[in-house]
$ cat data34.cif   # mmCIF, C-alpha atoms and all ligand atoms
data_model
loop_
_atom_site.label_atom_id
_atom_site.label_comp_id
_atom_site.auth_asym_id
_atom_site.auth_seq_id
_atom_site.Cartn_x
_atom_site.Cartn_y
_atom_site.Cartn_z
CA MET A 1 136.58 124.70 143.64
CA SER A 2 139.22 126.61 141.66
CA PRO A 3 141.27 124.60 139.15
CA ARG A 4 144.43 125.24 141.11
CA LYS A 5 142.83 124.03 144.31
CA ALA A 6 141.53 120.91 142.53
CA THR A 7 145.02 120.10 141.26
CA HIS A 8 146.47 120.63 144.70
CA GLN A 9 143.87 118.23 146.11
CA GLN A 10 144.64 115.62 143.43
CA THR A 11 148.37 115.83 144.18
CA LYS A 12 147.66 115.39 147.86
CA ILE A 13 145.51 112.30 147.24
CA HIS A 14 148.08 110.92 144.83
CA ASN A 15 150.87 111.35 147.41
CA ARG A 16 148.75 109.89 150.18
CA ASP A 17 147.97 106.81 148.07
CA LEU A 18 151.61 106.45 147.07
CA VAL A 19 152.75 106.51 150.69
CA LEU A 20 150.04 104.05 151.70
CA LYS A 21 150.86 101.70 148.83
CA THR A 22 154.54 101.74 149.77
CA ILE A 23 153.77 100.89 153.40
CA PHE A 24 151.39 98.21 152.07
CA ASP A 25 154.21 96.60 150.09
CA TYR A 26 156.46 96.12 153.12
CA GLU A 27 156.06 94.31 156.42
CA THR A 28 157.60 97.32 158.20
CA ILE A 29 159.23 100.44 156.83
CA SER A 30 160.62 103.76 158.13
CA ARG A 31 159.53 107.23 157.00
CA ALA A 32 162.99 107.83 155.50
CA GLU A 33 162.72 104.65 153.46
CA VAL A 34 159.24 105.63 152.23
CA ALA A 35 160.67 109.00 151.15
CA ARG A 36 163.52 107.32 149.34
CA LEU A 37 161.24 104.87 147.50
CA THR A 38 158.52 107.38 146.59
CA LYS A 39 160.94 110.25 145.87
CA LEU A 40 158.67 112.50 147.94
CA THR A 41 160.19 114.99 150.39
CA ARG A 42 160.52 113.93 154.02
CA THR A 43 158.09 116.67 155.01
CA THR A 44 155.43 115.42 152.59
CA VAL A 45 155.94 111.85 153.77
CA SER A 46 155.65 112.94 157.42
CA ASP A 47 152.41 114.79 156.70
CA MET A 48 150.92 111.83 154.83
CA VAL A 49 152.05 109.38 157.52
CA ALA A 50 150.41 111.60 160.15
CA SER A 51 147.09 111.45 158.33
CA LEU A 52 147.36 107.68 157.81
CA LEU A 53 148.10 107.23 161.53
CA ASP A 54 145.11 109.43 162.23
CA GLU A 55 142.92 107.17 160.09
CA GLY A 56 144.19 104.13 161.97
CA LEU A 57 145.36 102.54 158.72
CA ILE A 58 148.98 102.31 159.86
CA GLU A 59 150.75 102.16 163.20
CA GLU A 60 154.22 102.65 164.65
CA VAL A 61 155.62 99.27 165.59
CA GLY A 62 159.05 99.89 167.13
CA PHE A 63 162.50 100.85 165.96
CA GLY A 64 164.60 99.77 163.00
CA GLU A 65 168.36 99.49 162.89
CA SER A 66 170.22 102.76 163.25
CA ILE A 67 172.56 103.71 160.43
CA GLY A 68 174.52 106.28 162.49
CA GLY A 69 172.11 108.67 164.29
CA LYS A 70 168.78 107.85 165.88
CA ALA A 71 167.12 104.49 165.23
CA PRO A 72 164.18 105.07 162.84
CA ILE A 73 160.59 104.39 163.92
CA LEU A 74 159.05 101.62 161.83
CA LEU A 75 155.58 101.84 160.33
CA SER A 76 153.26 99.00 159.45
CA LEU A 77 149.83 98.55 157.92
CA VAL A 78 147.08 97.75 160.44
CA ALA A 79 145.71 94.68 158.67
CA ASP A 80 142.44 94.66 160.60
CA SER A 81 141.70 98.37 160.34
CA ARG A 82 139.29 97.80 157.42
CA TYR A 83 137.47 94.82 155.94
CA LEU A 84 136.28 93.90 152.47
CA ILE A 85 133.99 91.15 151.24
CA GLY A 86 134.97 88.97 148.29
CA LEU A 87 132.66 86.50 146.51
CA ASN A 88 133.51 83.61 144.21
CA LEU A 89 130.48 82.63 142.11
CA ALA A 90 132.42 80.36 139.80
CA GLN A 91 132.46 77.14 141.83
CA ASP A 92 129.77 74.51 142.35
CA LYS A 93 129.04 76.53 145.47
CA PHE A 94 128.92 80.30 145.98
CA ILE A 95 131.58 81.31 148.50
CA GLY A 96 131.79 84.67 150.25
CA SER A 97 134.50 85.77 152.67
CA VAL A 98 135.39 88.73 154.81
CA VAL A 99 138.99 89.67 154.09
CA ASN A 100 141.30 92.09 155.88
CA LEU A 101 143.80 94.47 154.28
CA ARG A 102 146.55 91.82 154.23
CA GLY A 103 144.30 89.39 152.36
CA GLU A 104 143.66 87.20 155.39
CA ILE A 105 140.29 85.47 155.29
CA LYS A 106 138.45 86.15 158.55
CA ASP A 107 135.05 84.61 157.93
CA THR A 108 133.35 82.54 155.21
CA VAL A 109 129.77 81.72 154.23
CA GLU A 110 129.00 79.31 151.39
CA PHE A 111 126.01 77.62 149.81
CA PRO A 112 125.86 74.90 147.15
CA VAL A 113 124.47 76.18 143.85
CA ASN A 114 122.67 72.94 142.95
CA GLY A 115 121.99 74.11 139.44
CA CYS A 116 119.95 77.14 140.48
CA ASP A 117 120.15 80.14 138.17
CA GLY A 118 118.49 83.42 137.29
CA LYS A 119 116.67 85.08 140.21
CA GLN A 120 117.34 82.10 142.49
CA ALA A 121 121.09 82.45 141.98
CA LEU A 122 120.78 86.15 142.82
CA GLN A 123 118.89 85.25 146.00
CA LEU A 124 121.79 83.03 146.96
CA VAL A 125 124.19 85.96 146.57
CA TYR A 126 121.90 88.02 148.85
CA LYS A 127 121.79 85.21 151.38
CA ILE A 128 125.58 85.12 151.65
CA LEU A 129 125.94 88.89 151.83
CA ASP A 130 123.04 89.29 154.31
CA GLN A 131 124.93 87.01 156.67
CA LEU A 132 128.42 88.42 156.17
CA THR A 133 127.37 92.06 156.47
CA LYS A 134 125.58 91.36 159.76
CA ARG A 135 128.64 89.92 161.46
CA GLU A 136 131.09 91.85 163.63
CA TRP A 137 133.60 92.90 160.96
CA ARG A 138 133.76 96.70 160.96
CA PRO A 139 134.29 98.92 159.15
CA LEU A 140 133.34 97.15 155.93
CA VAL A 141 134.48 99.25 152.99
CA GLY A 142 133.33 97.36 149.92
CA ILE A 143 132.21 94.21 148.15
CA GLY A 144 133.99 92.56 145.22
CA ILE A 145 132.35 89.86 143.09
CA GLY A 146 134.06 87.32 140.86
CA THR A 147 131.44 85.85 138.53
CA PRO A 148 131.64 83.58 135.51
CA GLY A 149 130.75 85.11 132.16
CA LEU A 150 131.31 88.32 130.28
CA VAL A 151 131.29 91.35 132.57
CA ASN A 152 131.19 95.09 132.00
CA THR A 153 133.14 96.07 135.09
CA ARG A 154 132.79 99.81 134.60
CA ALA A 155 128.99 99.55 134.53
CA GLY A 156 128.93 96.74 137.09
CA VAL A 157 126.85 94.59 134.75
CA VAL A 158 127.06 90.87 134.11
CA VAL A 159 126.55 90.95 130.34
CA ASN A 160 126.15 87.22 129.91
CA ALA A 161 126.77 84.29 132.26
CA VAL A 162 125.42 81.18 130.54
CA ASN A 163 125.51 78.79 133.51
CA LEU A 164 123.79 81.23 135.86
CA ASP A 165 121.37 82.40 133.14
CA TRP A 166 122.22 86.04 133.84
CA GLN A 167 121.91 88.48 130.95
CA HIS A 168 122.52 92.21 131.41
CA LEU A 169 122.20 91.86 135.15
CA PRO A 170 123.08 95.17 136.90
CA LEU A 171 124.65 93.29 139.81
CA ALA A 172 126.74 96.15 141.23
CA HIS A 173 123.75 98.48 141.30
CA LEU A 174 121.50 95.89 142.95
CA LEU A 175 124.06 95.13 145.66
CA GLU A 176 125.02 98.76 146.23
CA SER A 177 121.46 99.75 146.94
CA ARG A 178 120.84 96.75 149.16
CA TYR A 179 124.01 97.03 151.27
CA ASN A 180 124.97 100.66 150.88
CA LEU A 181 128.58 99.74 150.08
CA PRO A 182 130.65 100.20 146.92
CA VAL A 183 130.56 97.07 144.75
CA THR A 184 132.77 95.91 141.89
CA VAL A 185 132.02 93.01 139.57
CA LEU A 186 134.74 91.13 137.71
CA ASN A 187 134.96 88.03 135.58
CA ASP A 188 136.15 85.21 137.87
CA SER A 189 139.29 84.46 135.84
CA GLN A 190 140.25 88.12 135.97
CA ALA A 191 139.60 88.23 139.73
CA THR A 192 141.68 85.08 140.16
CA ALA A 193 144.55 86.69 138.25
CA ILE A 194 144.52 89.71 140.56
CA GLY A 195 144.41 87.44 143.62
CA GLU A 196 147.47 85.48 142.48
CA PHE A 197 149.23 88.71 141.55
CA VAL A 198 148.64 90.51 144.83
CA TYR A 199 148.66 87.65 147.34
CA GLY A 200 150.25 84.66 145.59
CA SER A 201 153.94 84.41 144.69
CA SER A 202 155.61 87.78 145.14
CA TYR A 203 155.57 89.69 141.89
CA PRO A 204 157.02 93.21 141.66
CA SER A 205 154.07 95.64 141.79
CA GLU A 206 154.57 96.94 138.22
CA SER A 207 155.10 93.55 136.58
CA ASN A 208 153.09 91.56 134.03
CA LEU A 209 151.27 88.30 134.62
CA VAL A 210 148.82 85.96 132.88
CA VAL A 211 146.77 83.61 135.06
CA ILE A 212 144.79 80.87 133.31
CA THR A 213 141.97 79.21 135.22
CA ILE A 214 141.05 75.77 133.96
CA LYS A 215 137.94 74.29 135.54
CA HIS A 216 134.64 73.43 133.88
CA GLY A 217 135.54 76.31 131.56
CA ILE A 218 138.79 78.05 130.71
CA GLY A 219 139.55 81.73 131.10
CA ALA A 220 142.56 83.94 131.62
CA GLY A 221 143.26 87.21 133.39
CA VAL A 222 145.94 89.52 132.06
CA LEU A 223 147.83 92.02 134.20
CA ILE A 224 149.99 94.60 132.46
CA ASN A 225 152.22 96.84 134.57
CA GLY A 226 150.42 95.55 137.63
CA ARG A 227 146.97 96.52 136.36
CA LEU A 228 144.20 94.33 135.03
CA PHE A 229 143.84 94.59 131.27
CA GLN A 230 140.22 93.94 130.26
CA GLY A 231 140.30 94.86 126.59
CA ASP A 232 137.76 97.02 124.78
CA GLY A 233 134.74 94.87 125.63
CA GLY A 234 135.81 93.47 129.01
CA GLY A 235 136.55 90.04 127.53
CA ALA A 236 140.36 90.06 127.44
CA GLY A 237 141.51 86.56 128.36
CA GLU A 238 138.42 84.70 127.10
CA ILE A 239 140.60 82.04 125.52
CA GLY A 240 138.20 79.21 126.37
CA HIS A 241 135.86 80.03 123.49
CA VAL A 242 138.44 80.37 120.77
CA VAL A 243 137.98 77.52 118.28
CA VAL A 244 141.03 75.25 118.18
CA GLN A 245 139.54 72.20 116.45
CA GLU A 246 137.64 72.36 113.18
CA ASN A 247 134.49 70.22 113.41
CA GLY A 248 135.14 69.63 117.11
CA THR A 249 132.65 68.98 119.88
CA LEU A 250 129.68 71.33 120.32
CA CYS A 251 130.45 73.92 123.00
CA ARG A 252 127.94 75.52 125.40
CA CYS A 253 128.58 78.82 123.57
CA GLY A 254 127.11 77.33 120.39
CA GLN A 255 130.35 76.94 118.43
CA HIS A 256 132.21 73.72 117.74
CA GLY A 257 135.73 72.89 118.85
CA CYS A 258 136.39 75.66 121.38
CA LEU A 259 139.46 75.19 123.61
CA GLU A 260 137.04 74.44 126.44
CA THR A 261 135.70 71.38 124.60
CA ILE A 262 139.07 69.64 124.73
CA SER A 263 141.24 71.15 127.48
CA SER A 264 138.85 71.78 130.39
CA ALA A 265 138.18 69.47 133.32
CA TRP A 266 134.64 68.98 131.99
CA ALA A 267 135.99 68.08 128.54
CA ILE A 268 138.35 65.36 129.67
CA VAL A 269 135.55 63.61 131.56
CA GLN A 270 133.26 63.80 128.50
CA ARG A 271 136.02 62.62 126.17
CA ALA A 272 137.08 59.74 128.43
CA ILE A 273 133.46 58.51 128.48
CA SER A 274 133.05 58.74 124.71
CA LEU A 275 136.47 57.21 123.89
CA ALA A 276 136.12 54.37 126.43
CA PRO A 277 134.83 51.78 123.90
CA GLU A 278 138.06 52.18 121.88
CA TYR A 279 140.34 51.41 124.85
CA ASP A 280 140.27 47.66 125.68
CA ASN A 281 143.58 47.97 127.48
CA SER A 282 142.33 50.64 129.91
CA GLU A 283 141.14 49.95 133.47
CA LEU A 284 139.37 53.30 133.41
CA ALA A 285 137.38 52.28 130.31
CA LYS A 286 136.00 49.15 131.97
CA ASN A 287 133.37 51.12 133.90
CA PRO A 288 132.48 54.14 131.79
CA GLU A 289 129.61 55.01 134.18
CA ASN A 290 132.17 55.57 136.95
CA ILE A 291 134.37 57.93 134.98
CA SER A 292 134.79 61.17 136.92
CA LEU A 293 137.57 63.71 137.30
CA ASP A 294 138.80 61.87 140.40
CA ALA A 295 138.87 58.56 138.55
CA ILE A 296 140.81 60.08 135.66
CA VAL A 297 143.34 61.70 138.03
CA ASN A 298 144.00 58.32 139.65
CA ALA A 299 144.15 56.49 136.33
CA TYR A 300 146.51 59.11 134.89
CA GLN A 301 148.90 58.67 137.78
CA ALA A 302 148.77 54.90 137.26
CA GLY A 303 149.64 55.29 133.56
CA ASP A 304 146.25 54.27 132.18
CA PRO A 305 146.24 54.72 128.35
CA LEU A 306 142.75 56.28 128.10
CA ALA A 307 143.52 58.78 130.86
CA GLU A 308 146.86 59.45 129.20
CA LYS A 309 145.14 60.14 125.88
CA VAL A 310 142.52 62.64 127.11
CA VAL A 311 144.90 64.46 129.46
CA SER A 312 147.68 64.77 126.90
CA ASP A 313 145.24 66.00 124.22
CA ALA A 314 144.00 68.57 126.75
CA ALA A 315 147.57 69.66 127.48
CA HIS A 316 148.43 69.83 123.78
CA TYR A 317 145.69 72.30 122.85
CA LEU A 318 146.13 74.35 126.00
CA GLY A 319 149.88 74.62 125.34
CA ALA A 320 149.24 75.74 121.77
CA SER A 321 146.82 78.43 123.00
CA ILE A 322 149.39 79.60 125.53
CA ALA A 323 151.93 79.84 122.71
CA SER A 324 149.58 82.33 121.00
CA LEU A 325 149.42 84.38 124.19
CA VAL A 326 153.22 84.29 124.41
CA GLY A 327 153.44 85.46 120.81
CA ILE A 328 150.98 88.32 121.31
CA LEU A 329 151.92 89.51 124.78
CA ASN A 330 155.40 88.14 125.50
CA ILE A 331 154.46 88.04 129.18
CA GLN A 332 157.02 85.80 130.83
CA ASN A 333 155.11 84.75 133.93
CA ILE A 334 152.15 82.50 133.27
CA VAL A 335 150.27 80.82 136.09
CA LEU A 336 147.84 77.90 135.76
CA THR A 337 145.15 77.27 138.34
CA GLY A 338 141.82 75.44 138.70
CA ASP A 339 140.81 71.76 138.75
CA MET A 340 143.27 70.61 136.07
CA VAL A 341 146.27 71.31 138.33
CA ARG A 342 145.30 68.07 140.06
CA PHE A 343 147.04 66.29 137.18
CA GLY A 344 150.26 67.64 138.64
CA GLN A 345 153.73 68.20 137.27
CA MET A 346 153.35 65.58 134.54
CA TRP A 347 150.43 67.50 132.99
CA LEU A 348 152.23 70.82 133.51
CA GLN A 349 155.24 69.43 131.64
CA SER A 350 153.01 68.33 128.73
CA VAL A 351 151.52 71.83 128.56
CA ARG A 352 155.05 73.27 128.60
CA ASP A 353 156.17 70.93 125.84
CA ALA A 354 153.20 71.90 123.68
CA MET A 355 153.85 75.59 124.32
CA ASN A 356 157.54 75.19 123.48
CA HIS A 357 156.65 73.35 120.32
CA ALA A 358 154.21 76.03 119.12
CA ALA A 359 155.97 79.24 120.20
CA LEU A 360 159.09 81.00 119.04
CA THR A 361 161.89 79.09 120.81
CA LYS A 362 163.57 82.04 122.49
CA MET A 363 160.28 83.48 123.73
CA ALA A 364 159.10 80.10 125.04
CA GLN A 365 162.43 79.56 126.83
CA ASP A 366 162.01 82.84 128.66
CA THR A 367 158.45 82.00 129.77
CA GLN A 368 157.84 80.57 133.23
CA LEU A 369 154.77 78.35 133.41
CA GLU A 370 153.84 77.56 137.02
CA PHE A 371 150.93 76.55 139.25
CA GLY A 372 149.03 79.15 141.25
CA THR A 373 149.27 79.04 145.02
CA LEU A 374 145.83 80.16 146.26
CA GLU A 375 143.27 77.88 144.55
CA PHE A 376 139.64 79.10 144.82
CA LYS A 377 140.68 81.77 147.33
CA ALA A 378 142.47 83.68 144.57
CA CYS A 379 139.11 84.74 143.10
CA ILE A 380 137.76 85.96 146.47
CA LEU A 381 140.96 87.83 147.32
CA GLY A 382 141.31 89.29 143.85
CA ALA A 383 137.69 90.48 143.67
CA SER A 384 138.10 92.26 146.99
CA ALA A 385 141.57 93.65 146.23
CA PHE A 386 140.60 95.01 142.82
CA MET A 387 138.63 97.97 144.13
CA LEU A 388 141.43 98.92 146.47
CA LEU A 389 143.98 98.82 143.68
CA GLU A 390 141.72 101.06 141.62
CA ASN A 391 140.70 103.38 144.41
CA TYR A 392 142.36 103.71 147.79
CA SER A 393 139.88 106.42 148.73
CA LEU A 394 137.52 103.68 149.92
CA LEU A 395 139.73 103.29 152.95
CA PHE A 396 139.40 106.84 154.17
CA THR A 397 136.69 108.04 156.47
CA GLN A 398 137.78 111.66 156.43
CA THR A 399 138.06 113.45 153.11
CA SER A 400 141.25 115.47 152.97
CA GLU A 401 140.50 119.12 152.40
ZN ZN A 501 132.72 77.85 123.26
#
$ encode --input "data34.cif" --output "structure tokens"
Amino acid sequence: MSPRKATHQQTKIHNRDLVLKTIFDYETISRAEVARLTKLTRTTVSDMVASLLDEGLIEEVGFGESIGGKAPILLSLVADSRYLIGLNLAQDKFIGSVVNLRGEIKDTVEFPVNGCDGKQALQLVYKILDQLTKREWRPLVGIGIGTPGLVNTRAGVVVNAVNLDWQHLPLAHLLESRYNLPVTVLNDSQATAIGEFVYGSSYPSESNLVVITIKHGIGAGVLINGRLFQGDGGGAGEIGHVVVQENGTLCRCGQHGCLETISSAWAIVQRAISLAPEYDNSELAKNPENISLDAIVNAYQAGDPLAEKVVSDAAHYLGASIASLVGILNIQNIVLTGDMVRFGQMWLQSVRDAMNHAALTKMAQDTQLEFGTLEFKACILGASAFMLLENYSLLFTQTSE
């Protein structure tokens, strides 16, 4: 192909994607409005709309209000024109779902992990995908995986996932050859961040967002100008293994005093058990063998001093870590999600107080710290949405010449 022809083709694809993305962003929209928002000519928009209609990705859904002249025809995305599969491997069960283009979950298959790892854990992934890919959802255009651990997304390799005992696992390659579909692999906190960004509260498409997932471990996903920022080694947002306490508890990563050892859901259970003998005045401490996350949530709401202690310590260190993020990135929307949100507004306020205390006052004041809205679904939706955000071409059956 001649260079000029190649450029022409690129422009055409760029315009097509821009028009599609604009229609994506609105419930319904007219061609004139698409032209106004994209700054493309009406002729270009009409051509692109024609090809999108041809692909069945959009449809005409009636008339908008006339502003003088003829009432404009409204366009809308056909949510069920394509399907994606998203997997969340970061729970105590593996969950896979078929998702449509509006992020609606159509079908789900899940299996408990029960501590299995290595090849067995991989078999479990196959089991879920074998089932989902055999069901009636067509056309399937891709598979997105949210996995714990350090991931090289470009190579599709899980570099290291301690809990699953996966090292240098070429997951994307394995799944691509088995299912003959494009596959992307993301760290689960990064996938969760994309899910909250695209399908959670409505954020402008070019905005910034940090989403911190606090479960057994702690990780963050960072979006800058609406795109996932992974850093040079794919580990951007790995705040859980930054040491915050000298001589602290031994972490599963081998260091002592990581944020995870004091602020995660796992940590507060461990700390409540080990501090129980020091708390005569605590109901929770009376039966250390019954201490679980549920028990601590209930005790915390009832004002139990031991629960208060471990939860407020957890909030303190998390807030201080968030203050560092605020200082480095100055991103004003920060979302918290995962098991710890069960401690509710009181915990959120403690995290806020600690952040305010440790960050530059003005920057902390301008930072919104809120709960996510999608829970575990954020990871599934984000893993599936990621490949679309990176490459709309997946949606097209005909290559434009
Ligand atoms: Zn660690």
$ atom_distance --input "data34.cif" --atom1 "atom CA of Glu110 of chain A" --atom2 "atom CA of Ser263 of chain A"
28.1 Å
$ residues_near_ligand --input "data34.cif" --ligand "ligand ZN 501 (chain A)" --cutoff "6 Å" --atoms "all atoms listed in the file" --output "PyMOL selection string"
chain A and resi 241+251-253+255+258
$ residues_around --input "data34.cif" --residues "segment 141-155 of chain A" --least-positions-apart "3" --cutoff "7 Å" --atoms "all atoms listed in the file" --output "ChimeraX atom specification"
/A:82-90,158-162,181-188,191,234-235,379-380,383-384,394-395
$ residues_near_point --input "data34.cif" --point "(121.8, 86.2, 143.3)" --cutoff "12 Å" --atoms "only C-alpha atoms" --output "CSV table (one decimal) with C-alpha atoms, keeping the file's coordinate frame"
chain,number,residue,atom,x,y,z
A,87,LEU,CA,132.7,86.5,146.5
A,89,LEU,CA,130.5,82.6,142.1
A,94,PHE,CA,128.9,80.3,146.0
A,111,PHE,CA,126.0,77.6,149.8
A,113,VAL,CA,124.5,76.2,143.8
A,116,CYS,CA,120.0,77.1,140.5
A,117,ASP,CA,120.2,80.1,138.2
A,118,GLY,CA,118.5,83.4,137.3
A,119,LYS,CA,116.7,85.1,140.2
A,120,GLN,CA,117.3,82.1,142.5
A,121,ALA,CA,121.1,82.4,142.0
A,122,LEU,CA,120.8,86.2,142.8
A,123,GLN,CA,118.9,85.2,146.0
A,124,LEU,CA,121.8,83.0,147.0
A,125,VAL,CA,124.2,86.0,146.6
A,126,TYR,CA,121.9,88.0,148.8
A,127,LYS,CA,121.8,85.2,151.4
A,128,ILE,CA,125.6,85.1,151.6
A,129,LEU,CA,125.9,88.9,151.8
A,130,ASP,CA,123.0,89.3,154.3
A,145,ILE,CA,132.4,89.9,143.1
A,147,THR,CA,131.4,85.8,138.5
A,158,VAL,CA,127.1,90.9,134.1
A,164,LEU,CA,123.8,81.2,135.9
A,165,ASP,CA,121.4,82.4,133.1
A,166,TRP,CA,122.2,86.0,133.8
A,169,LEU,CA,122.2,91.9,135.2
A,170,PRO,CA,123.1,95.2,136.9
A,171,LEU,CA,124.6,93.3,139.8
A,172,ALA,CA,126.7,96.2,141.2
A,174,LEU,CA,121.5,95.9,143.0
A,175,LEU,CA,124.1,95.1,145.7
$ closest_residue --input "data34.cif" --among "A:Gly319, A:Ala385, A:Leu259, A:Ile67" --to "Phe197 of chain A" --atoms "only C-alpha atoms"
A:Ala385
$ residues_around --input "data34.cif" --residues "segment 42-56 of chain A" --least-positions-apart "2" --cutoff "8 Å" --atoms "all atoms listed in the file" --output "list in words"
Asn15, Arg16, Val19, Leu20, Arg31, Ala32, Val34, Ala35, Leu40, Ile58, Glu59, Val78, Ser81, Phe396, Thr397 and Gln398 of chain A
$ write_last_selection --input "data34.cif" --atoms "C-alpha atoms" --output "compact mmCIF listing (two decimals), in the coordinates of the input"
# COMPACT_ATOMS: atom_id res chain seq x y z
CA ASN A 15 150.87 111.35 147.41
CA ARG A 16 148.75 109.89 150.18
CA VAL A 19 152.75 106.51 150.69
CA LEU A 20 150.04 104.05 151.70
CA ARG A 31 159.53 107.23 157.00
CA ALA A 32 162.99 107.83 155.50
CA VAL A 34 159.24 105.63 152.23
CA ALA A 35 160.67 109.00 151.15
CA LEU A 40 158.67 112.50 147.94
CA ILE A 58 148.98 102.31 159.86
CA GLU A 59 150.75 102.16 163.20
CA VAL A 78 147.08 97.75 160.44
CA SER A 81 141.70 98.37 160.34
CA PHE A 396 139.40 106.84 154.17
CA THR A 397 136.69 108.04 156.47
CA GLN A 398 137.78 111.66 156.43
$ residues_near_point --input "data34.cif" --point "(155.2, 91.8, 134.6)" --cutoff "9 Å" --atoms "only C-alpha atoms" --output "PyMOL selection string"
chain A and resi 203-210+223-226+331-333
$ closest_residue --input "data34.cif" --among "A:Val109, A:Ala315, A:Phe24, A:Val198" --to "Leu75 of chain A" --atoms "only C-alpha atoms"
A:Phe24
$ residues_around --input "data34.cif" --residues "segment 103-108 of chain A" --least-positions-apart "4" --cutoff "8 Å" --atoms "only C-alpha atoms" --output "JSON, numbers by chain"
{"A": [95, 96, 97, 98, 99, 132, 199, 381, 385]}
$ write_last_selection --input "data34.cif" --atoms "C-alpha atoms" --output "PDB file, keeping the file's coordinate frame"
ATOM      1  CA  ILE A  95     131.580  81.310 148.500  1.00  0.00           C
ATOM      2  CA  GLY A  96     131.790  84.670 150.250  1.00  0.00           C
ATOM      3  CA  SER A  97     134.500  85.770 152.670  1.00  0.00           C
ATOM      4  CA  VAL A  98     135.390  88.730 154.810  1.00  0.00           C
ATOM      5  CA  VAL A  99     138.990  89.670 154.090  1.00  0.00           C
ATOM      6  CA  LEU A 132     128.420  88.420 156.170  1.00  0.00           C
ATOM      7  CA  TYR A 199     148.660  87.650 147.340  1.00  0.00           C
ATOM      8  CA  LEU A 381     140.960  87.830 147.320  1.00  0.00           C
ATOM      9  CA  ALA A 385     141.570  93.650 146.230  1.00  0.00           C
TER      10      ALA A 385
END
$ axis_aligned_box --input "data34.cif" --around "segment 28-40 of chain A" --padding-each-side "6 Å" --output "lines of an AutoDock Vina configuration file"
center_x = 160.6
center_y = 104.9
center_z = 152.0
size_x = 17.9
size_y = 27.2
size_z = 24.3
$ closest_residue --input "data34.cif" --among "A:Thr337, A:Thr361, A:Thr22, A:Gln349" --to "Ala323 of chain A" --atoms "only C-alpha atoms"
A:Thr361
$ closest_residue --input "data34.cif" --among "A:Ser66, A:Ala71, A:Leu306, A:Leu77" --to "Lys21 of chain A" --atoms "all atoms listed in the file"
A:Leu77
$ decode --input "data34.cif" --residues "segment 200-209 of chain A" --atoms "N, CA, C and O atoms" --output "PDB file, in the first residue's frame"
ATOM      1  N   GLY A 200     -19.267   3.258  35.983  1.00  0.00           N
ATOM      2  CA  GLY A 200     -19.681   3.680  37.318  1.00  0.00           C
ATOM      3  C   GLY A 200     -20.286   5.072  37.280  1.00  0.00           C
ATOM      4  O   GLY A 200     -21.083   5.378  36.398  1.00  0.00           O
ATOM      5  N   SER A 201     -19.910   5.951  38.196  1.00  0.00           N
ATOM      6  CA  SER A 201     -20.383   7.330  38.157  1.00  0.00           C
ATOM      7  C   SER A 201     -19.979   7.918  36.813  1.00  0.00           C
ATOM      8  O   SER A 201     -19.023   7.462  36.206  1.00  0.00           O
ATOM      9  N   SER A 202     -20.690   8.933  36.343  1.00  0.00           N
ATOM     10  CA  SER A 202     -20.333   9.418  35.004  1.00  0.00           C
ATOM     11  C   SER A 202     -19.199  10.426  35.059  1.00  0.00           C
ATOM     12  O   SER A 202     -19.332  11.515  35.596  1.00  0.00           O
ATOM     13  N   TYR A 203     -18.061   9.977  34.534  1.00  0.00           N
ATOM     14  CA  TYR A 203     -16.880  10.832  34.445  1.00  0.00           C
ATOM     15  C   TYR A 203     -16.749  11.283  32.995  1.00  0.00           C
ATOM     16  O   TYR A 203     -16.967  10.483  32.086  1.00  0.00           O
ATOM     17  N   PRO A 204     -16.361  12.546  32.763  1.00  0.00           N
ATOM     18  CA  PRO A 204     -16.104  12.973  31.384  1.00  0.00           C
ATOM     19  C   PRO A 204     -15.033  12.076  30.762  1.00  0.00           C
ATOM     20  O   PRO A 204     -14.108  11.643  31.452  1.00  0.00           O
ATOM     21  N   SER A 205     -15.155  11.779  29.459  1.00  0.00           N
ATOM     22  CA  SER A 205     -14.321  10.721  28.873  1.00  0.00           C
ATOM     23  C   SER A 205     -12.829  11.031  28.870  1.00  0.00           C
ATOM     24  O   SER A 205     -12.012  10.134  28.728  1.00  0.00           O
ATOM     25  N   GLU A 206     -12.438  12.290  29.033  1.00  0.00           N
ATOM     26  CA  GLU A 206     -11.000  12.614  29.038  1.00  0.00           C
ATOM     27  C   GLU A 206     -10.475  12.895  30.451  1.00  0.00           C
ATOM     28  O   GLU A 206      -9.409  13.464  30.614  1.00  0.00           O
ATOM     29  N   SER A 207     -11.251  12.511  31.478  1.00  0.00           N
ATOM     30  CA  SER A 207     -10.851  12.939  32.823  1.00  0.00           C
ATOM     31  C   SER A 207      -9.878  11.966  33.491  1.00  0.00           C
ATOM     32  O   SER A 207      -9.498  10.944  32.931  1.00  0.00           O
ATOM     33  N   ASN A 208      -9.471  12.295  34.693  1.00  0.00           N
ATOM     34  CA  ASN A 208      -8.514  11.501  35.470  1.00  0.00           C
ATOM     35  C   ASN A 208      -9.231  10.820  36.629  1.00  0.00           C
ATOM     36  O   ASN A 208     -10.193  11.372  37.173  1.00  0.00           O
ATOM     37  N   LEU A 209      -8.743   9.668  37.013  1.00  0.00           N
ATOM     38  CA  LEU A 209      -9.378   8.954  38.120  1.00  0.00           C
ATOM     39  C   LEU A 209      -8.390   7.959  38.732  1.00  0.00           C
ATOM     40  O   LEU A 209      -7.626   7.318  38.013  1.00  0.00           O
TER      41      LEU A 209
END
